[in-house]
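J.: Next comes the structure file work.txt, holding compact mmCIF, C-alpha atoms.
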```txt
# COMPACT_ATOMS: atom_id res chain seq x y z
CA MET A 1 297.86 -25.39 81.38
CA ASP A 2 297.08 -22.05 79.84
CA THR A 3 298.97 -18.98 80.84
CA SER A 4 295.98 -17.29 82.39
CA GLN A 5 296.15 -19.71 85.28
CA LEU A 6 299.80 -19.01 85.84
CA LEU A 7 299.22 -15.34 85.44
CA LYS A 8 296.75 -15.10 88.26
CA GLY A 9 299.44 -15.82 90.78
CA VAL A 10 301.91 -13.31 89.50
CA LEU A 11 299.78 -10.51 88.16
CA ASP A 12 300.59 -8.38 91.19
CA LEU A 13 304.25 -8.70 90.42
CA ALA A 14 303.79 -7.91 86.76
CA VAL A 15 301.67 -4.86 87.48
CA LEU A 16 304.10 -3.57 90.09
CA ALA A 17 306.94 -3.99 87.66
CA VAL A 18 305.15 -2.10 84.91
CA VAL A 19 304.19 0.77 87.19
CA ALA A 20 307.69 0.88 88.65
CA ASP A 21 308.87 1.35 85.11
CA GLY A 22 306.71 4.43 84.75
CA ASP A 23 303.47 5.86 86.14
CA GLY A 24 300.44 4.82 84.18
CA TYR A 25 296.68 4.83 84.10
CA GLY A 26 294.69 1.61 83.94
CA TYR A 27 294.49 1.13 80.23
CA ASP A 28 298.07 2.19 79.77
CA VAL A 29 299.30 -0.45 82.23
CA LEU A 30 297.16 -3.02 80.47
CA ARG A 31 298.62 -2.12 77.12
CA ARG A 32 302.15 -2.32 78.38
CA LEU A 33 301.56 -5.72 79.91
CA ARG A 34 300.18 -6.98 76.63
CA ALA A 35 303.00 -5.42 74.67
CA ALA A 36 305.48 -7.20 76.90
CA GLY A 37 303.95 -10.50 75.83
CA LEU A 38 301.26 -11.16 78.42
CA GLU A 39 298.44 -11.29 75.92
CA ASP A 40 296.08 -13.33 78.04
CA VAL A 41 295.82 -10.85 80.85
CA GLY A 42 292.18 -9.86 81.40
CA ASP A 43 291.22 -6.19 81.38
CA ALA A 44 289.22 -6.30 84.54
CA SER A 45 291.98 -8.24 86.28
CA VAL A 46 294.47 -5.46 85.69
CA TYR A 47 292.11 -2.79 86.94
CA GLY A 48 291.21 -4.87 89.95
CA THR A 49 294.84 -5.57 90.73
CA LEU A 50 295.74 -1.88 90.48
CA ARG A 51 292.97 -1.07 92.89
CA ARG A 52 293.99 -3.78 95.32
CA LEU A 53 297.61 -2.72 95.30
CA TYR A 54 296.52 0.86 95.86
CA GLN A 55 294.28 -0.18 98.74
CA GLY A 56 297.16 -2.17 100.19
CA GLY A 57 299.33 0.92 100.22
CA ASN A 58 301.75 -0.24 97.55
CA LEU A 59 300.68 2.26 94.92
CA THR A 60 299.72 5.87 95.03
CA SER A 61 297.35 7.53 92.63
CA TYR A 62 296.77 10.97 91.26
CA VAL A 63 294.37 12.44 88.75
CA VAL A 64 295.54 14.21 85.66
CA PRO A 65 292.88 16.56 84.35
CA SER A 66 292.40 16.43 80.64
CA ASP A 67 290.75 18.93 78.35
CA GLU A 68 289.70 16.64 75.56
CA GLY A 69 288.71 13.56 77.48
CA PRO A 70 287.88 12.30 80.90
CA HIS A 71 290.29 12.91 83.75
CA ARG A 72 292.71 10.04 84.04
CA LYS A 73 293.64 8.36 87.26
CA TYR A 74 297.36 7.58 87.22
CA TYR A 75 299.05 5.08 89.47
CA ALA A 76 302.58 5.39 90.76
CA ILE A 77 304.71 3.13 92.88
CA ASN A 78 305.82 4.16 96.33
CA ASP A 79 308.46 2.87 98.72
CA ALA A 80 306.27 0.16 100.13
CA GLY A 81 305.46 -0.91 96.59
CA ARG A 82 309.08 -0.99 95.62
CA ALA A 83 309.90 -3.12 98.64
CA LEU A 84 307.10 -5.49 97.76
CA LEU A 85 308.31 -5.61 94.17
CA GLU A 86 311.78 -6.57 95.32
CA ARG A 87 310.55 -9.29 97.67
CA SER A 88 308.16 -10.67 95.10
CA THR A 89 310.85 -10.67 92.43
CA LYS A 90 313.11 -12.72 94.68
CA THR A 91 310.30 -15.12 95.41
CA TRP A 92 309.52 -15.45 91.76
CA THR A 93 313.06 -15.99 90.69
CA SER A 94 313.69 -18.63 93.28
CA PHE A 95 310.40 -20.33 92.44
CA ALA A 96 311.18 -20.28 88.74
CA ASP A 97 314.62 -21.71 89.41
CA THR A 98 313.13 -24.46 91.52
CA MET A 99 310.55 -25.28 88.88
CA ASN A 100 313.21 -25.33 86.23
CA ALA A 101 315.23 -27.70 88.36
CA VAL A 102 312.26 -29.95 88.91
CA LEU A 103 311.48 -30.00 85.23
CA GLY A 104 315.12 -30.60 84.41
CA VAL A 105 315.18 -33.63 86.75
CA ARG A 106 312.19 -35.18 84.97
CA GLY A 107 314.26 -35.29 81.84
CA GLY A 108 316.77 -37.83 83.02
CA LYS A 109 317.82 -38.78 86.52
CA ALA A 110 316.04 -41.00 88.93
CA ALA A 111 314.24 -39.22 91.82
CA MET B 1 283.54 13.05 85.41
CA THR B 2 280.31 13.22 83.46
CA THR B 3 278.68 10.24 81.92
CA THR B 4 277.40 12.03 78.88
CA THR B 5 280.43 11.32 76.77
CA LEU B 6 279.94 7.58 76.93
CA ALA B 7 278.49 5.73 73.96
CA PRO B 8 275.17 4.00 74.55
CA GLU B 9 276.55 0.48 74.34
CA ALA B 10 279.14 1.36 76.90
CA THR B 11 276.49 2.88 79.14
CA ALA B 12 274.51 -0.32 78.93
CA PHE B 13 277.59 -2.34 79.78
CA LEU B 14 278.39 -0.05 82.65
CA ASP B 15 274.88 -0.26 84.02
CA ALA B 16 275.01 -4.04 83.88
CA VAL B 17 278.33 -4.10 85.70
CA ALA B 18 276.93 -1.68 88.26
CA ALA B 19 274.00 -3.97 88.87
CA GLU B 20 276.34 -6.90 89.40
CA LEU B 21 278.35 -4.95 91.92
CA ALA B 22 275.41 -3.32 93.62
CA ASP B 23 275.95 -5.19 96.88
CA LEU B 24 279.13 -3.26 97.52
CA PRO B 25 279.21 -0.12 99.65
CA ASP B 26 278.45 3.09 97.81
CA ASP B 27 281.88 4.66 97.91
CA VAL B 28 283.64 1.52 96.73
CA LEU B 29 281.08 1.12 94.01
CA THR B 30 281.43 4.67 92.75
CA ASP B 31 285.21 4.31 92.65
CA LEU B 32 285.06 1.08 90.73
CA LEU B 33 282.51 2.41 88.29
CA ASP B 34 284.66 5.46 87.64
CA ASP B 35 287.49 3.16 86.62
CA VAL B 36 285.24 0.96 84.54
CA GLU B 37 283.84 3.94 82.72
CA GLN B 38 287.31 5.15 81.84
CA HIS B 39 288.25 1.70 80.69
CA LEU B 40 285.20 1.35 78.50
CA ALA B 41 285.86 4.69 76.91
CA GLU B 42 289.42 3.66 76.08
CA VAL B 43 288.39 0.28 74.73
CA LEU B 44 285.76 1.88 72.54
CA ALA B 45 288.28 4.39 71.26
CA GLU B 46 290.36 1.56 69.88
CA GLY B 47 287.83 -1.08 69.00
CA THR B 48 284.71 -2.71 70.31
CA LEU B 49 283.51 -3.97 73.65
CA ALA B 50 283.19 -7.47 72.31
CA ASP B 51 286.47 -8.66 73.75
CA LEU B 52 285.52 -7.71 77.24
CA GLY B 53 283.14 -10.59 77.63
CA SER B 54 279.82 -10.22 79.34
CA PRO B 55 279.26 -7.57 81.99
CA ALA B 56 278.78 -10.31 84.53
CA GLU B 57 282.12 -11.86 83.70
CA TYR B 58 283.78 -8.49 83.75
CA ALA B 59 282.27 -7.67 87.10
CA ALA B 60 283.30 -11.03 88.55
CA GLU B 61 286.85 -10.66 87.29
CA LEU B 62 287.11 -7.14 88.62
CA ARG B 63 285.71 -8.17 91.94
CA ALA B 64 288.16 -11.06 92.28
CA ALA B 65 291.20 -9.08 91.19
CA ALA B 66 290.30 -6.19 93.47
CA GLY B 67 290.08 -8.53 96.44
CA LEU B 68 286.45 -7.76 97.14
CA PRO B 69 284.20 -10.36 98.69
CA ALA B 70 282.33 -12.54 96.26
CA ARG B 71 278.73 -11.70 95.75
CA GLU B 72 276.19 -13.74 97.65
CA ALA B 73 274.10 -15.96 95.41
CA PRO B 74 271.95 -13.57 93.47
CA ASP B 75 268.45 -13.73 94.77
CA GLU B 76 266.09 -12.94 91.95
CA SER B 77 263.70 -11.14 94.21
CA TRP B 78 266.41 -8.58 94.86
CA ALA B 79 267.21 -8.11 91.20
CA LEU B 80 265.19 -4.92 91.07
CA VAL B 81 266.87 -3.57 94.18
CA ARG B 82 270.27 -4.29 92.75
CA ALA B 83 269.42 -2.67 89.47
CA VAL B 84 268.18 0.39 91.28
CA ARG B 85 271.28 0.57 93.44
CA GLY B 86 273.44 0.18 90.36
CA ARG B 87 271.57 3.01 88.67
CA HIS B 88 271.90 5.14 91.74
CA ALA B 89 275.63 4.53 91.89
CA ARG B 90 275.96 5.64 88.28
CA LEU B 91 273.85 8.70 88.96
CA ALA B 92 276.04 9.50 91.92
CA GLN B 93 278.97 9.91 89.60
CA THR B 94 277.44 12.82 87.77
CA ARG B 95 278.54 16.32 88.53
CA THR B 96 275.05 17.58 89.23
CA TYR B 97 274.51 14.96 91.89
CA ARG B 98 277.83 15.76 93.49
CA GLU B 99 277.11 19.47 93.50
CA VAL B 100 273.69 18.96 95.04
CA ARG B 101 275.11 16.67 97.67
CA ALA B 102 277.80 19.20 98.48
CA PHE B 103 275.19 21.91 98.87
CA LEU B 104 272.75 20.02 101.08
CA PRO B 105 274.66 20.52 104.33
CA GLU B 106 274.05 24.25 103.94
CA LEU B 107 270.34 23.63 104.36
CA ARG B 108 270.73 21.96 107.70
CA PRO B 109 270.21 25.07 109.85
CA ALA B 110 266.88 25.65 108.07
CA TRP B 111 265.91 22.13 109.01
CA TRP B 112 266.80 22.74 112.64
CA VAL B 113 264.45 25.70 112.79
CA ALA B 114 261.69 23.82 110.99
CA ARG B 115 262.14 20.85 113.27
CA GLY B 116 261.64 22.89 116.43
CA TYR B 117 258.53 24.52 115.04
CA LEU B 118 257.09 21.23 113.83
CA VAL B 119 257.50 19.52 117.17
CA VAL B 120 255.35 22.17 118.86
CA VAL B 121 252.87 21.97 115.99
CA ALA B 122 252.65 18.22 116.48
CA LEU B 123 251.92 18.63 120.18
CA ALA B 124 249.33 21.29 119.43
CA ARG B 125 247.67 19.05 116.90
CA LEU B 126 247.35 16.26 119.38
CA THR B 127 245.66 18.46 121.93
CA HIS B 128 243.61 20.79 119.79
CA ASP B 129 240.94 20.02 117.29
CA SER B 130 240.66 23.20 115.33
CA VAL B 131 243.20 23.91 112.62
CA ARG B 132 243.23 27.52 113.67
CA GLU B 133 244.85 26.46 116.90
CA VAL B 134 247.57 24.47 115.21
CA LEU B 135 248.67 26.60 112.27
CA PRO B 136 250.28 28.99 111.69
CA ILE B 137 251.01 29.43 115.36
CA PRO B 138 250.42 26.40 117.55
CA HIS B 139 248.49 27.10 120.69
CA VAL B 140 249.45 25.67 124.02
CA SER B 141 246.46 25.04 126.26
CA GLY B 142 244.46 27.21 123.92
CA ASN B 143 246.79 30.15 124.44
CA VAL B 144 248.57 31.68 121.47
CA LEU B 145 251.19 33.52 123.49
CA LEU B 146 252.20 30.36 125.27
CA GLY B 147 252.40 28.77 121.85
CA LEU B 148 254.77 31.45 120.58
CA VAL B 149 256.97 30.99 123.60
CA ALA B 150 256.95 27.24 123.11
CA VAL B 151 257.89 27.55 119.46
CA ALA B 152 260.73 29.94 120.26
CA ALA B 153 262.05 27.64 122.96
CA ALA B 154 261.78 24.59 120.72
CA VAL B 155 263.56 26.30 117.84
CA VAL B 156 266.38 27.43 120.10
CA ALA B 157 266.72 23.95 121.54
CA SER B 158 266.66 22.36 118.12
CA VAL B 159 269.31 24.69 116.73
CA LYS B 160 271.54 24.22 119.74
CA TRP B 161 271.19 20.52 119.40
CA GLY B 162 271.95 20.65 115.69
CA ARG B 163 275.03 22.71 116.22
CA ARG B 164 276.74 20.29 118.52
CA ARG B 165 280.20 19.46 117.28
CA ARG B 166 280.23 15.79 117.90
CA ALA B 167 277.85 13.67 115.91
CA PRO B 168 275.58 11.77 118.25
CA ARG B 169 276.22 8.11 118.76
CA GLY B 170 274.24 5.21 120.03
CA TRP B 171 270.92 6.06 121.64
CA ALA B 172 271.42 9.78 121.07
CA ARG B 173 271.67 9.12 117.37
CA THR B 174 268.56 6.93 117.42
CA GLY B 175 266.77 9.66 119.31
CA ALA B 176 267.81 12.22 116.71
CA VAL B 177 266.54 10.05 113.89
CA VAL B 178 263.23 9.52 115.70
CA VAL B 179 262.71 13.23 116.32
CA ASN B 180 263.54 14.10 112.73
CA ALA B 181 261.21 11.44 111.40
CA PHE B 182 258.49 12.60 113.78
CA ALA B 183 258.86 16.17 112.56
CA VAL B 184 258.63 15.13 108.93
CA VAL B 185 255.55 13.01 109.58
CA THR B 186 253.97 15.90 111.46
CA ALA B 187 254.58 18.21 108.55
CA LEU B 188 252.86 15.83 106.18
CA VAL B 189 249.95 15.15 108.49
CA VAL B 190 249.30 18.79 109.28
CA LEU B 191 249.47 19.79 105.64
CA GLY B 192 246.99 17.06 104.90
CA ASP B 193 244.74 18.42 107.63
CA VAL B 194 244.79 21.91 106.21
CA GLN B 195 243.95 20.49 102.82
CA ASP B 196 240.97 18.66 104.27
CA ARG B 197 239.59 21.40 106.39
CA THR B 198 239.57 24.16 103.85
CA SER B 199 236.69 22.41 102.22
CA PRO B 200 233.70 21.98 104.48
CA GLU B 201 233.23 18.51 105.85
CA PHE B 202 229.56 18.57 105.31
CA TYR B 203 227.10 21.06 104.10
CA TYR B 204 223.41 21.43 103.95
CA TYR B 205 221.62 22.98 101.19
CA ALA B 206 217.96 22.90 100.45
CA SER B 207 216.96 22.86 96.91
CA THR B 208 214.02 21.66 95.04
CA PRO B 209 214.11 20.98 91.35
CA ASP B 210 212.67 24.40 90.78
CA GLY B 211 214.40 26.07 93.75
CA LEU B 212 211.68 27.20 96.10
CA GLN B 213 212.48 30.49 97.66
CA GLY B 214 210.57 32.11 100.42
CA PRO B 215 210.72 35.79 101.34
CA TYR B 216 213.48 35.16 103.87
CA GLY B 217 215.50 32.56 102.09
CA PRO B 218 215.14 29.11 100.63
CA VAL B 219 212.11 27.17 101.64
CA THR B 220 213.14 24.31 103.81
CA ASP B 221 209.82 22.91 104.84
CA ILE B 222 206.19 23.18 103.88
CA ARG B 223 203.44 22.66 106.41
CA PRO B 224 200.05 22.14 104.90
CA TYR B 225 196.91 23.02 106.86
CA ASP B 226 193.29 22.88 105.93
CA ARG B 227 191.11 25.95 105.83
CA ASP B 228 190.25 25.58 109.50
CA GLY B 229 193.87 25.66 110.49
CA LYS B 230 194.12 21.99 111.23
CA PRO B 231 197.40 20.45 110.15
CA LEU B 232 197.21 18.04 107.29
CA HIS B 233 199.14 14.80 107.32
CA ASP B 234 200.33 12.42 104.64
CA VAL B 235 199.90 15.04 102.04
CA GLN B 236 201.44 14.89 98.64
CA LEU B 237 202.36 18.14 97.02
CA PHE B 238 202.94 18.66 93.34
CA ASP B 239 204.17 21.52 91.30
CA GLN B 240 202.57 22.86 88.12
CA ASN B 241 204.26 20.17 86.06
CA GLY B 242 202.99 17.39 88.20
CA ASN B 243 206.41 16.78 89.78
CA PRO B 244 206.38 16.08 93.50
CA LEU B 245 207.89 18.80 95.61
CA VAL B 246 211.03 17.43 97.21
CA TYR B 247 213.50 18.60 99.71
CA GLN B 248 217.13 17.63 99.27
CA VAL B 249 219.40 17.05 102.21
CA CYS B 250 223.07 16.45 101.62
CA ASP B 251 225.38 15.00 104.21
CA ARG B 252 228.13 13.26 102.24
CA PHE B 253 225.38 12.02 100.01
CA CYS B 254 222.09 13.54 99.15
CA SER B 255 218.68 12.17 100.01
CA ARG B 256 215.40 13.50 98.81
CA LEU B 257 212.49 13.90 101.11
CA THR B 258 208.98 14.95 100.35
CA PHE B 259 207.19 17.72 102.14
CA PRO B 260 206.12 17.98 104.84
CA LEU B 261 209.31 16.86 106.44
CA MET B 262 208.48 16.69 110.06
CA PRO B 263 204.82 16.03 110.51
CA SER B 264 205.19 15.37 114.20
CA LEU B 265 206.33 18.91 114.77
CA ASP B 266 203.00 20.14 113.62
CA GLU B 267 201.59 19.13 116.97
CA LEU B 268 204.10 21.37 118.67
CA VAL B 269 203.61 24.29 116.40
CA PRO B 270 200.72 26.40 117.65
CA THR B 271 197.86 26.37 115.28
CA PRO B 272 197.68 29.64 113.47
CA THR B 273 194.74 31.90 114.11
CA PRO B 274 191.91 30.69 111.97
CA SER B 275 190.50 33.22 109.55
CA PRO B 276 187.73 34.96 111.36
CA THR B 277 184.35 33.42 110.55
CA PRO B 278 181.37 35.08 111.99
CA SER B 279 179.91 32.97 114.76
CA PRO B 280 176.41 33.72 115.84
CA THR B 281 177.23 33.13 119.47
CA THR B 282 180.13 35.39 119.75
CA THR B 283 179.14 38.37 117.82
CA PRO B 284 178.79 41.02 120.39
CA THR B 285 175.36 42.45 120.26
CA PRO B 286 175.45 46.10 120.20
CA SER B 287 173.91 47.23 123.33
CA ALA B 288 171.49 49.90 122.88
CA THR B 289 171.74 52.70 125.14
CA PRO B 290 168.36 53.44 126.31
```
Could you express the structure from this file as structure tokens?

T.:
Amino acid sequence: MDTSQLLKGVLDLAVLAVVADGDGYGYDVLRRLRAAGLEDVGDASVYGTLRRLYQGGNLTSYVVPSDEGPHRKYYAINDAGRALLERSTKTWTSFADTMNAVLGVRGGKAA
Amino acid sequence: MTTTTLAPEATAFLDAVAAELADLPDDVLTDLLDDVEQHLAEVLAEGTLADLGSPAEYAAELRAAAGLPAREAPDESWALVRAVRGRHARLAQTRTYREVRAFLPELRPAWWVARGYLVVVALARLTHDSVREVLPIPHVSGNVLLGLVAVAAAVVASVKWGRRRRAPRGWARTGAVVVNAFAVVTALVVLGDVQDRTSPEFYYYASTPDGLQGPYGPVTDIRPYDRDGKPLHDVQLFDQNGNPLVYQVCDRFCSRLTFPLMPSLDELVPTPTPSPTPSPTTTPTPSATP
């Protein structure tokens, strides 16, 4: 299974984590995700996710005017977003642990 | 944000994405396109658009990630509509469009005044035939003063209605739309009327190929008589070049008639006094005074 499939389920979490790390505009968040190792993440997916999280009230946004280029829309995390990040992180960790356990079982013991 | 800084290939991409997303509401669409435009600019700054895939794929991915409803199966007959909507959404991003849209509400009071006036004009047009009685001041029952009063009252009512704080809902809103549409249609119809009626609907002119003119104006009929004053019928008249004398009547199209035009009238026209010919029986004999 390629990572893009896995990624779809957890992109929200990844994006929240990146923005929690520091405010960013769309392309910036995308770059950071890729730099962290998530090379398969689709451009449009990141933008769409940012928008959805913003619409859901988990991110705020502000515009930074720029002289040399277009104005950039920055996203920042808010309290609701941080709460969601925490919950999702717990869910992820427990899920990963469970999966690891399941995979570990396959190695040797009987069911 | 202006769209002029975007490279042409990016503009094409953006337009295609806009067309794919054209079923979305305008404000959502404009937002999304803003983001896409930024993204495209950044991607182009570092490389090419090739990695983004096709605009359709991009649009689908964006739509899914943003949690927007999937597009209904694209109906080819609506392709033009979608493309137009996409174009319009892109246009709506430009500063000029935004400035114009911000300014338009300031014109509303002018519309209220015009609307009141036009409603009275419409009523006048329905009840009066002559343009003079419709514009510039609509008459009511043929009376210009009543018309002025009606216009004033209508304008006041229209402005008061326009100034209401709460936007109308339900049937009131439908009514407002109907009245506005009616006023606009009236304006167009009446302007069309004025256009028509400044040129005469029909006109007569009499002309012959060589333009016969009598002492009092153009010759419009020729009545031939013989030397005894009896009217002649079924005559053919020719000019010096051998061309028949014709009379031209124009009523939307011209027809040519030969003189005399109305032979039957000759019976009604009193025969002119015949030139005096000496008649042996009537010459008064000078009586000799004895």

J.: What is the distance between CA of Thr93 (chain A) and CA of Ala17 (chain A), in Å to one decimal?

T.: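 Atom-to-atom, CA of Thr93 (chain A) to CA of Ala17 (chain A), that is 13.8 Å.
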
J.: Of the candidates A:Leu85, A:Leu38, A:Leu59, A:Leu53, which one gets nearest to chain B if we count only C-alpha atoms?

T.: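 Looking at the shortest contact to chain B, the residue is A:Leu53.
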
J.: What are the residues of chain B that have an atom within 10 Å of an atom of chain A, counting all atoms listed in the file, as a PyMOL selection string?

T.: chain B and resi 1-3+5+31-32+34-43+51-53+57-68

J.: Show which residues sit within 12 Å of Leu13 (chain A), as a PDB file with C-alpha atoms, in the coordinates of the input. Count only C-alpha atoms, and ignore same-chain residues fewer than 6 positions away.

T.:
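Output file around09.pdb is given in full below:
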```
ATOM      1  CA  LEU A   7     299.220 -15.340  85.440  1.00  0.00           C
ATOM      2  CA  VAL A  19     304.190   0.770  87.190  1.00  0.00           C
ATOM      3  CA  ALA A  20     307.690   0.880  88.650  1.00  0.00           C
ATOM      4  CA  LEU A  33     301.560  -5.720  79.910  1.00  0.00           C
ATOM      5  CA  VAL A  46     294.470  -5.460  85.690  1.00  0.00           C
ATOM      6  CA  THR A  49     294.840  -5.570  90.730  1.00  0.00           C
ATOM      7  CA  LEU A  50     295.740  -1.880  90.480  1.00  0.00           C
ATOM      8  CA  LEU A  53     297.610  -2.720  95.300  1.00  0.00           C
ATOM      9  CA  ASN A  58     301.750  -0.240  97.550  1.00  0.00           C
ATOM     10  CA  GLY A  81     305.460  -0.910  96.590  1.00  0.00           C
ATOM     11  CA  ARG A  82     309.080  -0.990  95.620  1.00  0.00           C
ATOM     12  CA  ALA A  83     309.900  -3.120  98.640  1.00  0.00           C
ATOM     13  CA  LEU A  84     307.100  -5.490  97.760  1.00  0.00           C
ATOM     14  CA  LEU A  85     308.310  -5.610  94.170  1.00  0.00           C
ATOM     15  CA  GLU A  86     311.780  -6.570  95.320  1.00  0.00           C
ATOM     16  CA  ARG A  87     310.550  -9.290  97.670  1.00  0.00           C
ATOM     17  CA  SER A  88     308.160 -10.670  95.100  1.00  0.00           C
ATOM     18  CA  THR A  89     310.850 -10.670  92.430  1.00  0.00           C
ATOM     19  CA  LYS A  90     313.110 -12.720  94.680  1.00  0.00           C
ATOM     20  CA  THR A  91     310.300 -15.120  95.410  1.00  0.00           C
ATOM     21  CA  TRP A  92     309.520 -15.450  91.760  1.00  0.00           C
ATOM     22  CA  THR A  93     313.060 -15.990  90.690  1.00  0.00           C
TER      23      THR A  93
END
```

J.: Around all listed atoms of region 141-152 of chain B, padded 8 Å per side, what centre and edge lengths does the axis-aligned box have in Å to one decimal, as lines of an AutoDock Vina configuration file?

T.:
```
center_x = 252.6
center_y = 29.3
center_z = 122.9
size_x = 32.3
size_y = 24.5
size_z = 22.8
```

J.: Measure the distance from CA of Leu91 (chain B) to CA of Leu33 (chain B) in Å and round it to one decimal.

T.: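 Rounded to one decimal, the two atoms are 10.7 Å apart.
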
J.: Please write as a list of chain:residue names the list of polymer residues whose atoms come within 9 Å of (298.8, 10.2, 88.5), counting only C-alpha atoms and keeping to the coordinates of the file.

T.: A:Asp23, A:Gly24, A:Tyr25, A:Thr60, A:Ser61, A:Tyr62, A:Val63, A:Val64, A:Arg72, A:Lys73, A:Tyr74, A:Tyr75, A:Ala76

J.: What lies within 10 Å of Arg71 (chain B) using all atoms listed in the file, ignoring chain neighbours under 4 positions off, as a PyMOL selection string?

T.: chain B and resi 20-24+60+63

J.: What does the distance from CA of Arg173 (chain B) to CA of Ser158 (chain B) come to in Å, to one decimal?

T.: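 Computed distance, CA of Arg173 (chain B) to CA of Ser158 (chain B), equals 14.2 Å.
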
J.: Got a sec: who's within 12 Å of Lys160 (chain B), counting all atoms listed in the file, leaving out chain neighbours fewer than 3 positions off, as a list in words?

T.: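 Selected residues are Pro109, Trp112, Val113, Arg115, Gly116, Ala153, Ala154, Val155, Val156, Ala157, Arg163, Arg164 and Arg165 of chain B.
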
J.: Of the residues A:Gly57, A:Gly9, A:Pro65, A:Thr98, which is the one nearest to Ile77 (chain A), using only C-alpha atoms?

T.: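 Nearest candidate to Ile77 (chain A) out of A:Gly57, A:Gly9, A:Pro65, A:Thr98: A:Gly57.
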